[in-house]
Each structure stands twice: as C-alpha cells, then as structure tokens.
Amino acid sequence: MKKLLILLLILIPNITFASWAPLKKNTTPEIQEVINYAWHISQDPAWILTLERESGFYPDAISQSNADGSRDYYICQLNSRYHWEFIKTKPNWKQQLHYCAEVYSRSGGKSFYGYFVRNTVKNRFIFFNN
C-alpha cells in the first residue's frame, strides 16, 4: 500500500488536463463524441468554439441559401462555392473534421464566420486546461 501511495504521489504532478476534451454542457453523447475527436485533432479551444458557432457540431448541418445561391454544409459549414468537390463526397463526421482542420489551419481560422464570434459560446463548455 505504501508503495502504491508513493507511486501515485510521483505520477500525480505529471497529470495534465490539456489532453482532456472540453465538455459541452447539455449535449448528447453523439455530439460529445464529435467534440472529443475534434479535440484529439487539434487541442485548440478556439477551433472547438469556432465549430460550435458554425454548426453546434452537427455533421448533417446545411444552411439556407446564401445571397449568392451557395449553401454551407456540415460541421464547419463549408461553402459549396469553394468546397463542392469535398461536399459532394458526403463525408462522414471524422472526414469532415479532418478537412475542416486543414481549412482552419490554412486560414488561421479566419475563413470561418464562427471564428470571429467564437467567444459568444464559450459558456457552453467546460475547458479543463484553462
């Protein structure tokens, strides 16, 4: 027992909350699974909040028509005018997240409306690393 206690005391200071995905308050297990996977990809709170603002993490989200006739699809609301080749493949939510991560990375998040208003949804989550 004493050895176990010593081992725990050695390990506990090294435990970090940074790898824990944020928890979305009042959500379904399915949506939390999407959030967990998105966190696994990026561990970036800004990206998580951007995706929340874009679609609430709903993989099947499709917007109404935009002024130019285009529509926005999926978790990160990809515009059909710029991403139609990907959209028409009907990707699963994991494929969507990987593609979204690439687009987000290339633009620093600035190609997403949700990026600019992401802090309006921060209260919907519990972040363990902040």
# chains A, B, ... in the order shown; residues from 1 in each chain; ligands from 1

call {"tool": "residues_around", "arguments": {"residues": "Ala46 of chain A", "least_positions_apart": "4", "cutoff": "8 Å", "atoms": "only C-alpha atoms", "output": "list in words"}}
result
Thr50, Tyr115 and Arg118 of chain A

call {"tool": "residues_around", "arguments": {"residues": "Ala101 of chain A", "least_positions_apart": "4", "cutoff": "12 Å", "atoms": "only C-alpha atoms", "output": "PDB file with N, CA and C atoms, in the first residue's frame"}}
result
ATOM      1  N   TYR A  37     -13.344  13.979 -30.628  1.00  0.00           N
ATOM      2  CA  TYR A  37     -12.497  13.706 -31.781  1.00  0.00           C
ATOM      3  C   TYR A  37     -11.866  15.001 -32.317  1.00  0.00           C
ATOM      4  N   ALA A  38     -12.653  16.070 -32.357  1.00  0.00           N
ATOM      5  CA  ALA A  38     -12.122  17.366 -32.799  1.00  0.00           C
ATOM      6  C   ALA A  38     -10.989  17.809 -31.876  1.00  0.00           C
ATOM      7  N   TRP A  39     -11.158  17.582 -30.576  1.00  0.00           N
ATOM      8  CA  TRP A  39     -10.110  17.949 -29.613  1.00  0.00           C
ATOM      9  C   TRP A  39      -8.870  17.086 -29.829  1.00  0.00           C
ATOM     10  N   HIS A  40      -9.077  15.827 -30.124  1.00  0.00           N
ATOM     11  CA  HIS A  40      -7.963  14.911 -30.396  1.00  0.00           C
ATOM     12  C   HIS A  40      -7.133  15.426 -31.582  1.00  0.00           C
ATOM     13  N   ILE A  41      -7.792  15.979 -32.581  1.00  0.00           N
ATOM     14  CA  ILE A  41      -7.100  16.502 -33.756  1.00  0.00           C
ATOM     15  C   ILE A  41      -6.302  17.758 -33.425  1.00  0.00           C
ATOM     16  N   SER A  42      -6.889  18.655 -32.651  1.00  0.00           N
ATOM     17  CA  SER A  42      -6.278  19.988 -32.538  1.00  0.00           C
ATOM     18  C   SER A  42      -5.852  20.436 -31.145  1.00  0.00           C
ATOM     19  N   GLN A  43      -6.572  20.053 -30.133  1.00  0.00           N
ATOM     20  CA  GLN A  43      -6.376  20.571 -28.772  1.00  0.00           C
ATOM     21  C   GLN A  43      -6.319  22.101 -28.774  1.00  0.00           C
ATOM     22  N   ASP A  44      -7.170  22.695 -29.588  1.00  0.00           N
ATOM     23  CA  ASP A  44      -7.231  24.149 -29.737  1.00  0.00           C
ATOM     24  C   ASP A  44      -8.616  24.640 -29.320  1.00  0.00           C
ATOM     25  N   ALA A  46      -9.926  27.532 -29.474  1.00  0.00           N
ATOM     26  CA  ALA A  46     -10.513  28.438 -30.472  1.00  0.00           C
ATOM     27  C   ALA A  46     -11.197  27.645 -31.585  1.00  0.00           C
ATOM     28  N   TRP A  47     -10.604  26.530 -31.984  1.00  0.00           N
ATOM     29  CA  TRP A  47     -11.217  25.709 -33.040  1.00  0.00           C
ATOM     30  C   TRP A  47     -12.509  25.070 -32.545  1.00  0.00           C
ATOM     31  N   ILE A  48     -12.496  24.587 -31.320  1.00  0.00           N
ATOM     32  CA  ILE A  48     -13.700  23.978 -30.749  1.00  0.00           C
ATOM     33  C   ILE A  48     -14.830  25.002 -30.715  1.00  0.00           C
ATOM     34  N   THR A  50     -15.101  27.717 -32.523  1.00  0.00           N
ATOM     35  CA  THR A  50     -15.472  28.066 -33.892  1.00  0.00           C
ATOM     36  C   THR A  50     -16.460  27.049 -34.452  1.00  0.00           C
ATOM     37  N   LEU A  51     -16.182  25.764 -34.259  1.00  0.00           N
ATOM     38  CA  LEU A  51     -17.084  24.726 -34.758  1.00  0.00           C
ATOM     39  C   LEU A  51     -18.438  24.772 -34.057  1.00  0.00           C
ATOM     40  N   ILE A  75     -20.143  20.190 -40.359  1.00  0.00           N
ATOM     41  CA  ILE A  75     -19.725  20.666 -39.046  1.00  0.00           C
ATOM     42  C   ILE A  75     -19.148  22.075 -39.098  1.00  0.00           C
ATOM     43  N   CYS A  76     -18.323  22.361 -40.076  1.00  0.00           N
ATOM     44  CA  CYS A  76     -17.725  23.699 -40.121  1.00  0.00           C
ATOM     45  C   CYS A  76     -18.353  24.583 -41.187  1.00  0.00           C
ATOM     46  N   LEU A  78     -18.942  24.406 -44.523  1.00  0.00           N
ATOM     47  CA  LEU A  78     -18.153  24.626 -45.736  1.00  0.00           C
ATOM     48  C   LEU A  78     -19.052  25.189 -46.834  1.00  0.00           C
ATOM     49  N   LYS A  94     -15.919  12.217 -39.180  1.00  0.00           N
ATOM     50  CA  LYS A  94     -14.466  12.228 -38.955  1.00  0.00           C
ATOM     51  C   LYS A  94     -13.746  12.830 -40.166  1.00  0.00           C
ATOM     52  N   GLN A  95     -14.186  12.468 -41.351  1.00  0.00           N
ATOM     53  CA  GLN A  95     -13.603  13.051 -42.557  1.00  0.00           C
ATOM     54  C   GLN A  95     -13.860  14.559 -42.603  1.00  0.00           C
ATOM     55  N   GLN A  96     -15.063  14.962 -42.197  1.00  0.00           N
ATOM     56  CA  GLN A  96     -15.381  16.385 -42.145  1.00  0.00           C
ATOM     57  C   GLN A  96     -14.410  17.128 -41.223  1.00  0.00           C
ATOM     58  N   LEU A  97     -14.179  16.565 -40.038  1.00  0.00           N
ATOM     59  CA  LEU A  97     -13.300  17.233 -39.081  1.00  0.00           C
ATOM     60  C   LEU A  97     -11.874  17.356 -39.596  1.00  0.00           C
ATOM     61  N   SER A 105      -6.515  25.496 -40.481  1.00  0.00           N
ATOM     62  CA  SER A 105      -5.080  25.697 -40.347  1.00  0.00           C
ATOM     63  C   SER A 105      -4.544  26.635 -41.424  1.00  0.00           C
ATOM     64  N   ARG A 106      -4.981  26.443 -42.658  1.00  0.00           N
ATOM     65  CA  ARG A 106      -4.515  27.288 -43.769  1.00  0.00           C
ATOM     66  C   ARG A 106      -4.894  28.755 -43.579  1.00  0.00           C
ATOM     67  N   SER A 107      -6.067  28.985 -42.993  1.00  0.00           N
ATOM     68  CA  SER A 107      -6.555  30.368 -42.869  1.00  0.00           C
ATOM     69  C   SER A 107      -6.352  30.956 -41.477  1.00  0.00           C
ATOM     70  N   GLY A 108      -5.823  30.156 -40.566  1.00  0.00           N
ATOM     71  CA  GLY A 108      -5.720  30.626 -39.185  1.00  0.00           C
ATOM     72  C   GLY A 108      -7.092  30.838 -38.565  1.00  0.00           C
ATOM     73  N   GLY A 109      -8.090  30.160 -39.112  1.00  0.00           N
ATOM     74  CA  GLY A 109      -9.457  30.260 -38.624  1.00  0.00           C
ATOM     75  C   GLY A 109     -10.262  31.365 -39.275  1.00  0.00           C
ATOM     76  N   SER A 111     -11.210  32.042 -42.196  1.00  0.00           N
ATOM     77  CA  SER A 111     -12.151  31.785 -43.285  1.00  0.00           C
ATOM     78  C   SER A 111     -13.511  31.331 -42.753  1.00  0.00           C
ATOM     79  N   PHE A 112     -13.653  31.297 -41.438  1.00  0.00           N
ATOM     80  CA  PHE A 112     -14.910  30.885 -40.808  1.00  0.00           C
ATOM     81  C   PHE A 112     -15.546  32.050 -40.068  1.00  0.00           C
TER      82      PHE A 112
END

call {"tool": "select_by_dssp", "arguments": {"residues": "chain A", "states": "helix (DSSP H, G or I)", "output": "NGL selection string"}}
result
:A and (2-14 or 29-42 or 45-55 or 80-87 or 93-107 or 113-116 or 118-124)

call {"tool": "closest_residue", "arguments": {"among": "A:Gly69, A:Pro29, A:Pro22, A:Pro91", "to": "Glu52 of chain A", "atoms": "only C-alpha atoms"}}
result
A:Pro22

call {"tool": "residues_around", "arguments": {"residues": "Arg81 of chain A", "least_positions_apart": "4", "cutoff": "10 Å", "atoms": "only C-alpha atoms", "output": "JSON, numbers by chain"}}
result
{"A": [68, 69, 70, 71, 72, 85]}

call {"tool": "select_by_dssp", "arguments": {"residues": "segment 11-85 of chain A", "states": "strand (DSSP E)", "output": "list in words"}}
result
Leu23, Lys24, Asp72, Tyr73, Leu78 and Asn79 of chain A

call {"tool": "atom_distance", "arguments": {"atom1": "atom CA of Phe127 of chain A", "atom2": "atom CA of Tyr113 of chain A"}}
result
22.0 Å

call {"tool": "atom_distance", "arguments": {"atom1": "atom CA of Lys25 of chain A", "atom2": "atom CA of His98 of chain A"}}
result
23.9 Å

call {"tool": "closest_residue", "arguments": {"among": "A:Ala67, A:Ile126, A:Val103, A:Ala61", "to": "Ile35 of chain A", "atoms": "only C-alpha atoms"}}
result
A:Ile126

call {"tool": "closest_residue", "arguments": {"among": "A:Trp20, A:Ile31, A:Ile62, A:Asn92", "to": "Ser80 of chain A", "atoms": "only C-alpha atoms"}}
result
A:Ile62

call {"tool": "closest_residue", "arguments": {"among": "A:Thr120, A:Gln32, A:Asn26, A:Ser19", "to": "Glu54 of chain A", "atoms": "only C-alpha atoms"}}
result
A:Thr120

call {"tool": "atom_distance", "arguments": {"atom1": "atom CA of Asn123 of chain A", "atom2": "atom CA of Ser65 of chain A"}}
result
29.2 Å
